[in-house]
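Here's the structure we're looking at; comments come further down.
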Amino acid sequence: MWCLCCLYCSEPQNPIELEANIWIRSLLCHLLSSSKLGLNEVGIVSQALGYTSADYFPRLLKNMVLSLVTELRVNHLNGFSIRKIIPDKQIKAMSLLCVPLLTLPDILPLLEALLTSHGDEPNETLSAEFLEGVNEAFLQKKIILSESALFSLWLRHLPSLEKATLHLFENLLSRHRNSPEEMECFIKESLLPQAACHPSIFRIVDEIFRNALLETNGTSEVLTIIQVFTRCFVQAFQKDNEQLKFPLKSYFPYASSCLIMALLQNPKDLPRGFWYQHLNYISEILKKTVEDQSFQSRGSVFEHWFSLVHFGEWADIAAEELLMLRAESPTGLLWLLAFYYNPHNQNQERTQTVVDAREAHGCIMKLFRKTPLSVKDLQAVAGESREADTRHPYSQRLIRHLLLNFLLLSPEGQKIAQEFLTIQTDELADEFLNLIAHTTYRWNHLGIETVRPGRLARDLLQELQCHRAESASL
């Protein structure tokens, strides 16, 4: 246990705000409960030494925190033994007393020691108010926690993990919805991808993403958030999990292992000439799985589509590879894109999406040979020249994806790209804006950006962002 002598042996510290003294007194009362020395005696001794309350309370707090941290560590080492210095009830009371002091710098070591401590009882040792308060202070950037303390908080208190995930999601949608680069920085700062290396945390975060995907009907912004988060998670997983502490099945329990291994393959680690074969392999796995009637009865089609959504980079690559194919058959890649945009096959919807995509792909390939090219040619493929486009909205989104790649990759398309995009409705302009941002982000990561398409993509991104800002100000 701590001793009174050690309370005054540290170097002088900056005084803590005097209004916190009443809480420090409460903490001191609690800590001295097992000692014969009370607050009056402490006050007499401190006055005899020439200290005022503003002097001795900060030093007293700092040294008590140090002593308690040591005792909590001994508790942790002793585990379930009867030699534990601080009983669980006293730890819970201590956590309650810390609630008003959470943002004080000197209390931080005690917060982390409490978070990483474990009691004998099956129920939570720490108070819910303490756990919620620490989480809120972290989210508001009022305190900085070590990764071990933060991960322990999220593992032992589900509401805090859920709140942290929703806080991240809402901030990404409100502030960084059209910038994957900013999303990546914000996601990494949240420490959630690193924490998600523990399967229990990953599964909770993933469930929240799943619900958001279903509630928004798979909007491009939500897809981007899931994909950027997955990229950050994979980076943390490969860095932290070199010895594979947890099998991949722990993270994706409902998808086939072959599919997950194929999707996890970094395109950067494959020669570009092998991308087509790898995409066909992914397409074959998915097609065989989701078209198996017995498999469909188990309701896992969605789970395999959700796995593909996590690694949507491969779908983006498929949309580019389709425009580069000359002799090879596009069938596998068309099916993959159709499944990505429309996993449902009620009333043969996905089958019709494949038909629509094949027709549009054929028209776009003919545009490569047409010169000069006009905006009307693109509008005809997009269905904008028709009085009523009867194609399913998912088919229309897929075709717009192919058209954007044509604009970026074809010399004639590059000439009229800006004209075509600036005449779109606000809703379609937002969709193209997200696609272009996603494309430049992927090119930068893969290191495959060619000079002209890359410059054009950045110019178009800037143009659409300005156009969107002007529309919003009206």
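Letters A, B, ... mark the chains of the structure tokens in the order given; residue numbers begin at 1 per chain; ligand numbers begin at 1, in order shown.
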
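Within 12 Å of Asn266 of chain A, once only C-alpha atoms are used and residues closer than 3 positions along the same chain are dropped, the contacting residues are Arg231, Val234, Gln235, Gln238, Ile260, Met261, Ala262, Leu263, Asp269, Leu270, Pro271, Arg272, Trp275, His278, Phe311, Gly312, Glu313, Trp314, Ile317, Arg442, His445 and Leu446 of chain A.
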
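Every protein or nucleic acid residue with an atom no more than 12 Å from Arg391 of chain A, counting only C-alpha atoms and leaving out same-chain residues fewer than 2 positions away, appears here: Glu349, Arg350, Gln352, Thr353, Val354, Val355, Asp356, Ala357, Glu359, Ala360, Val381, Ala382, Gly383, Glu384, Arg386, Ala388, Asp389, Pro393, Tyr394, Ser395, Gln396, Arg397, Leu398 and Ile399 of chain A.
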
How would the residues just picked look written out with N, CA and C atoms as a PDB file, in the first residue's frame?
```pdb
ATOM      1  N   GLU A 349     -33.945 -10.191 -62.004  1.00  0.00           N
ATOM      2  CA  GLU A 349     -33.384  -8.836 -62.063  1.00  0.00           C
ATOM      3  C   GLU A 349     -31.907  -8.851 -62.420  1.00  0.00           C
ATOM      4  N   ARG A 350     -31.136  -9.693 -61.727  1.00  0.00           N
ATOM      5  CA  ARG A 350     -29.703  -9.720 -61.997  1.00  0.00           C
ATOM      6  C   ARG A 350     -29.419 -10.228 -63.408  1.00  0.00           C
ATOM      7  N   GLN A 352     -31.258  -9.777 -65.979  1.00  0.00           N
ATOM      8  CA  GLN A 352     -31.527  -8.658 -66.883  1.00  0.00           C
ATOM      9  C   GLN A 352     -30.425  -7.612 -66.789  1.00  0.00           C
ATOM     10  N   THR A 353     -29.849  -7.433 -65.600  1.00  0.00           N
ATOM     11  CA  THR A 353     -28.738  -6.496 -65.442  1.00  0.00           C
ATOM     12  C   THR A 353     -27.546  -6.924 -66.286  1.00  0.00           C
ATOM     13  N   VAL A 354     -27.297  -8.229 -66.345  1.00  0.00           N
ATOM     14  CA  VAL A 354     -26.211  -8.741 -67.188  1.00  0.00           C
ATOM     15  C   VAL A 354     -26.497  -8.418 -68.648  1.00  0.00           C
ATOM     16  N   VAL A 355     -27.743  -8.615 -69.074  1.00  0.00           N
ATOM     17  CA  VAL A 355     -28.132  -8.329 -70.462  1.00  0.00           C
ATOM     18  C   VAL A 355     -27.936  -6.850 -70.776  1.00  0.00           C
ATOM     19  N   ASP A 356     -28.399  -5.968 -69.866  1.00  0.00           N
ATOM     20  CA  ASP A 356     -28.251  -4.522 -70.069  1.00  0.00           C
ATOM     21  C   ASP A 356     -26.783  -4.114 -70.105  1.00  0.00           C
ATOM     22  N   ALA A 357     -25.988  -4.691 -69.215  1.00  0.00           N
ATOM     23  CA  ALA A 357     -24.564  -4.355 -69.167  1.00  0.00           C
ATOM     24  C   ALA A 357     -23.846  -4.821 -70.432  1.00  0.00           C
ATOM     25  N   GLU A 359     -25.153  -5.162 -73.419  1.00  0.00           N
ATOM     26  CA  GLU A 359     -25.537  -4.284 -74.524  1.00  0.00           C
ATOM     27  C   GLU A 359     -24.794  -2.949 -74.454  1.00  0.00           C
ATOM     28  N   ALA A 360     -24.752  -2.364 -73.249  1.00  0.00           N
ATOM     29  CA  ALA A 360     -24.062  -1.083 -73.074  1.00  0.00           C
ATOM     30  C   ALA A 360     -22.568  -1.234 -73.335  1.00  0.00           C
ATOM     31  N   VAL A 381     -26.020   5.990 -74.919  1.00  0.00           N
ATOM     32  CA  VAL A 381     -25.631   4.802 -74.145  1.00  0.00           C
ATOM     33  C   VAL A 381     -26.205   4.881 -72.734  1.00  0.00           C
ATOM     34  N   ALA A 382     -26.182   6.087 -72.156  1.00  0.00           N
ATOM     35  CA  ALA A 382     -26.667   6.256 -70.779  1.00  0.00           C
ATOM     36  C   ALA A 382     -28.182   6.192 -70.696  1.00  0.00           C
ATOM     37  N   GLY A 383     -28.861   6.272 -71.853  1.00  0.00           N
ATOM     38  CA  GLY A 383     -30.320   6.227 -71.839  1.00  0.00           C
ATOM     39  C   GLY A 383     -30.951   7.580 -71.632  1.00  0.00           C
ATOM     40  N   GLU A 384     -30.140   8.648 -71.666  1.00  0.00           N
ATOM     41  CA  GLU A 384     -30.670   9.986 -71.413  1.00  0.00           C
ATOM     42  C   GLU A 384     -31.435  10.528 -72.611  1.00  0.00           C
ATOM     43  N   ARG A 386     -33.570   8.802 -74.280  1.00  0.00           N
ATOM     44  CA  ARG A 386     -34.879   8.156 -74.336  1.00  0.00           C
ATOM     45  C   ARG A 386     -35.882   8.933 -73.499  1.00  0.00           C
ATOM     46  N   ALA A 388     -38.190   7.540 -71.672  1.00  0.00           N
ATOM     47  CA  ALA A 388     -38.264   6.824 -70.389  1.00  0.00           C
ATOM     48  C   ALA A 388     -37.322   5.626 -70.448  1.00  0.00           C
ATOM     49  N   ASP A 389     -36.286   5.666 -69.612  1.00  0.00           N
ATOM     50  CA  ASP A 389     -35.334   4.555 -69.554  1.00  0.00           C
ATOM     51  C   ASP A 389     -35.935   3.464 -68.669  1.00  0.00           C
ATOM     52  N   PRO A 393     -32.681   0.724 -62.108  1.00  0.00           N
ATOM     53  CA  PRO A 393     -31.705   1.713 -61.605  1.00  0.00           C
ATOM     54  C   PRO A 393     -30.320   1.122 -61.363  1.00  0.00           C
ATOM     55  N   TYR A 394     -30.246  -0.152 -60.919  1.00  0.00           N
ATOM     56  CA  TYR A 394     -28.943  -0.775 -60.715  1.00  0.00           C
ATOM     57  C   TYR A 394     -28.204  -0.908 -62.044  1.00  0.00           C
ATOM     58  N   SER A 395     -28.925  -1.253 -63.116  1.00  0.00           N
ATOM     59  CA  SER A 395     -28.309  -1.347 -64.440  1.00  0.00           C
ATOM     60  C   SER A 395     -27.803   0.024 -64.882  1.00  0.00           C
ATOM     61  N   GLN A 396     -28.575   1.060 -64.617  1.00  0.00           N
ATOM     62  CA  GLN A 396     -28.171   2.413 -64.999  1.00  0.00           C
ATOM     63  C   GLN A 396     -26.899   2.836 -64.278  1.00  0.00           C
ATOM     64  N   ARG A 397     -26.802   2.503 -62.990  1.00  0.00           N
ATOM     65  CA  ARG A 397     -25.589   2.851 -62.236  1.00  0.00           C
ATOM     66  C   ARG A 397     -24.378   2.118 -62.792  1.00  0.00           C
ATOM     67  N   LEU A 398     -24.535   0.849 -63.116  1.00  0.00           N
ATOM     68  CA  LEU A 398     -23.438   0.070 -63.701  1.00  0.00           C
ATOM     69  C   LEU A 398     -22.986   0.694 -65.024  1.00  0.00           C
ATOM     70  N   ILE A 399     -23.937   1.085 -65.866  1.00  0.00           N
ATOM     71  CA  ILE A 399     -23.600   1.662 -67.167  1.00  0.00           C
ATOM     72  C   ILE A 399     -22.898   3.002 -67.000  1.00  0.00           C
TER      73      ILE A 399
END
```

Long-range neighbours of Leu407 of chain A as JSON, numbers by chain, 10 Å cut-off, only C-alpha atoms, 2 positions minimum in chain: {"A": [378, 402, 403, 404, 405, 409, 410, 411, 412, 413, 414, 415, 416, 417, 418, 420, 421, 453, 456, 457]}

For the residues in the current selection, export C-alpha atoms as an mmCIF file, in the first residue's frame.
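As written to disk, again_14.cif reads:
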```
data_model
loop_
_atom_site.group_PDB
_atom_site.id
_atom_site.type_symbol
_atom_site.label_atom_id
_atom_site.label_comp_id
_atom_site.auth_asym_id
_atom_site.auth_seq_id
_atom_site.Cartn_x
_atom_site.Cartn_y
_atom_site.Cartn_z
ATOM 1 C CA LEU A 378 -22.773 9.184 -74.623
ATOM 2 C CA LEU A 402 -18.546 2.030 -67.523
ATOM 3 C CA LEU A 403 -19.159 5.389 -69.208
ATOM 4 C CA LEU A 404 -16.982 7.232 -66.701
ATOM 5 C CA ASN A 405 -14.118 4.821 -67.339
ATOM 6 C CA LEU A 409 -9.407 6.147 -70.672
ATOM 7 C CA SER A 410 -10.323 6.975 -74.295
ATOM 8 C CA PRO A 411 -8.712 9.902 -76.169
ATOM 9 C CA GLU A 412 -12.030 10.992 -77.702
ATOM 10 C CA GLY A 413 -13.866 10.615 -74.405
ATOM 11 C CA GLN A 414 -11.327 12.814 -72.643
ATOM 12 C CA LYS A 415 -12.149 15.663 -75.049
ATOM 13 C CA ILE A 416 -15.822 15.826 -74.107
ATOM 14 C CA ALA A 417 -15.725 14.527 -70.522
ATOM 15 C CA GLN A 418 -16.184 17.916 -68.880
ATOM 16 C CA PHE A 420 -20.870 15.592 -70.538
ATOM 17 C CA LEU A 421 -20.497 15.682 -66.761
ATOM 18 C CA PRO A 453 -6.280 10.202 -67.358
ATOM 19 C CA LEU A 456 -8.252 14.720 -66.273
ATOM 20 C CA ALA A 457 -9.731 12.875 -63.279
#
```

Residues of segment 209-324 of chain A in helix (DSSP H, G or I), written as an MDAnalysis selection string: chainID A and resid 209:215 220:240 248:250 257:264 267:269 272:290 293:296 301:310 313:324

Residue nearest Thr422 of chain A among A:Leu460, A:Ala128, A:Leu435, A:Ala255 (counting only C-alpha atoms): A:Leu460

Selection: 9 Å around segment 106-121 of chain A, only C-alpha atoms, excl. self and same-chain fewer than 2 positions, as a ChimeraX atom specification: /A:58,61-62,65-66,68-70,72-73,75-76,79-81,87-88,91,94-95,98,101-104,123-126,131,134,143-146,148-150,152-153,156

Skip Ala212 of chain A itself and residues of its chain fewer than 5 positions away, then list as a PDB file with N, CA, C and O atoms, in the first residue's frame all residues within 10 Å of it, counting only C-alpha atoms.
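Listed below is the output, selection-v1.pdb:
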```pdb
ATOM      1  N   LEU A 166     -20.611   4.639 -34.631  1.00  0.00           N
ATOM      2  CA  LEU A 166     -21.604   5.567 -35.168  1.00  0.00           C
ATOM      3  C   LEU A 166     -21.044   6.981 -35.261  1.00  0.00           C
ATOM      4  O   LEU A 166     -21.335   7.721 -36.212  1.00  0.00           O
ATOM      5  N   PHE A 169     -18.927   7.024 -38.318  1.00  0.00           N
ATOM      6  CA  PHE A 169     -19.753   6.955 -39.520  1.00  0.00           C
ATOM      7  C   PHE A 169     -20.404   8.310 -39.811  1.00  0.00           C
ATOM      8  O   PHE A 169     -20.384   8.788 -40.955  1.00  0.00           O
ATOM      9  N   ASP A 206     -18.716  -4.340 -38.153  1.00  0.00           N
ATOM     10  CA  ASP A 206     -19.233  -4.813 -39.435  1.00  0.00           C
ATOM     11  C   ASP A 206     -20.752  -4.901 -39.434  1.00  0.00           C
ATOM     12  O   ASP A 206     -21.399  -4.640 -40.446  1.00  0.00           O
ATOM     13  N   GLU A 207     -21.323  -5.255 -38.299  1.00  0.00           N
ATOM     14  CA  GLU A 207     -22.781  -5.342 -38.200  1.00  0.00           C
ATOM     15  C   GLU A 207     -23.404  -3.954 -38.344  1.00  0.00           C
ATOM     16  O   GLU A 207     -24.471  -3.795 -38.961  1.00  0.00           O
ATOM     17  N   ASN A 217     -29.917   1.513 -48.745  1.00  0.00           N
ATOM     18  CA  ASN A 217     -30.044   0.822 -50.033  1.00  0.00           C
ATOM     19  C   ASN A 217     -28.745   0.879 -50.836  1.00  0.00           C
ATOM     20  O   ASN A 217     -28.761   0.972 -52.069  1.00  0.00           O
ATOM     21  N   GLY A 218     -27.637   0.856 -50.123  1.00  0.00           N
ATOM     22  CA  GLY A 218     -26.337   0.755 -50.781  1.00  0.00           C
ATOM     23  C   GLY A 218     -25.906   1.999 -51.529  1.00  0.00           C
ATOM     24  O   GLY A 218     -25.427   1.916 -52.667  1.00  0.00           O
ATOM     25  N   THR A 219     -26.023   3.184 -50.918  1.00  0.00           N
ATOM     26  CA  THR A 219     -25.574   4.402 -51.582  1.00  0.00           C
ATOM     27  C   THR A 219     -24.062   4.370 -51.757  1.00  0.00           C
ATOM     28  O   THR A 219     -23.335   3.697 -51.023  1.00  0.00           O
ATOM     29  N   VAL A 222     -21.893   5.214 -48.640  1.00  0.00           N
ATOM     30  CA  VAL A 222     -21.779   4.149 -47.648  1.00  0.00           C
ATOM     31  C   VAL A 222     -20.842   3.047 -48.156  1.00  0.00           C
ATOM     32  O   VAL A 222     -20.020   2.522 -47.391  1.00  0.00           O
ATOM     33  N   LEU A 223     -20.944   2.712 -49.425  1.00  0.00           N
ATOM     34  CA  LEU A 223     -20.035   1.717 -50.002  1.00  0.00           C
ATOM     35  C   LEU A 223     -18.590   2.171 -49.852  1.00  0.00           C
ATOM     36  O   LEU A 223     -17.699   1.378 -49.512  1.00  0.00           O
ATOM     37  N   ILE A 226     -17.305   1.772 -46.230  1.00  0.00           N
ATOM     38  CA  ILE A 226     -17.013   0.366 -45.910  1.00  0.00           C
ATOM     39  C   ILE A 226     -15.710  -0.065 -46.566  1.00  0.00           C
ATOM     40  O   ILE A 226     -14.873  -0.745 -45.943  1.00  0.00           O
TER      41      ILE A 226
END
```

10 Å contact set for Phe202 of chain A, only C-alpha atoms, chain neighbours under 5 positions out, as a PyMOL selection string: chain A and resi 192-197+207+233+250-252

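Put simply, atom CA of Phe306 of chain A is 9.9 Å away from atom CA of Phe209 of chain A.
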
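Between Pro267 of chain A and the residues A:Leu308, A:Ile201, A:Leu139, A:Ile448, the shortest atom-to-atom distance, using only C-alpha atoms, involves A:Ile448.
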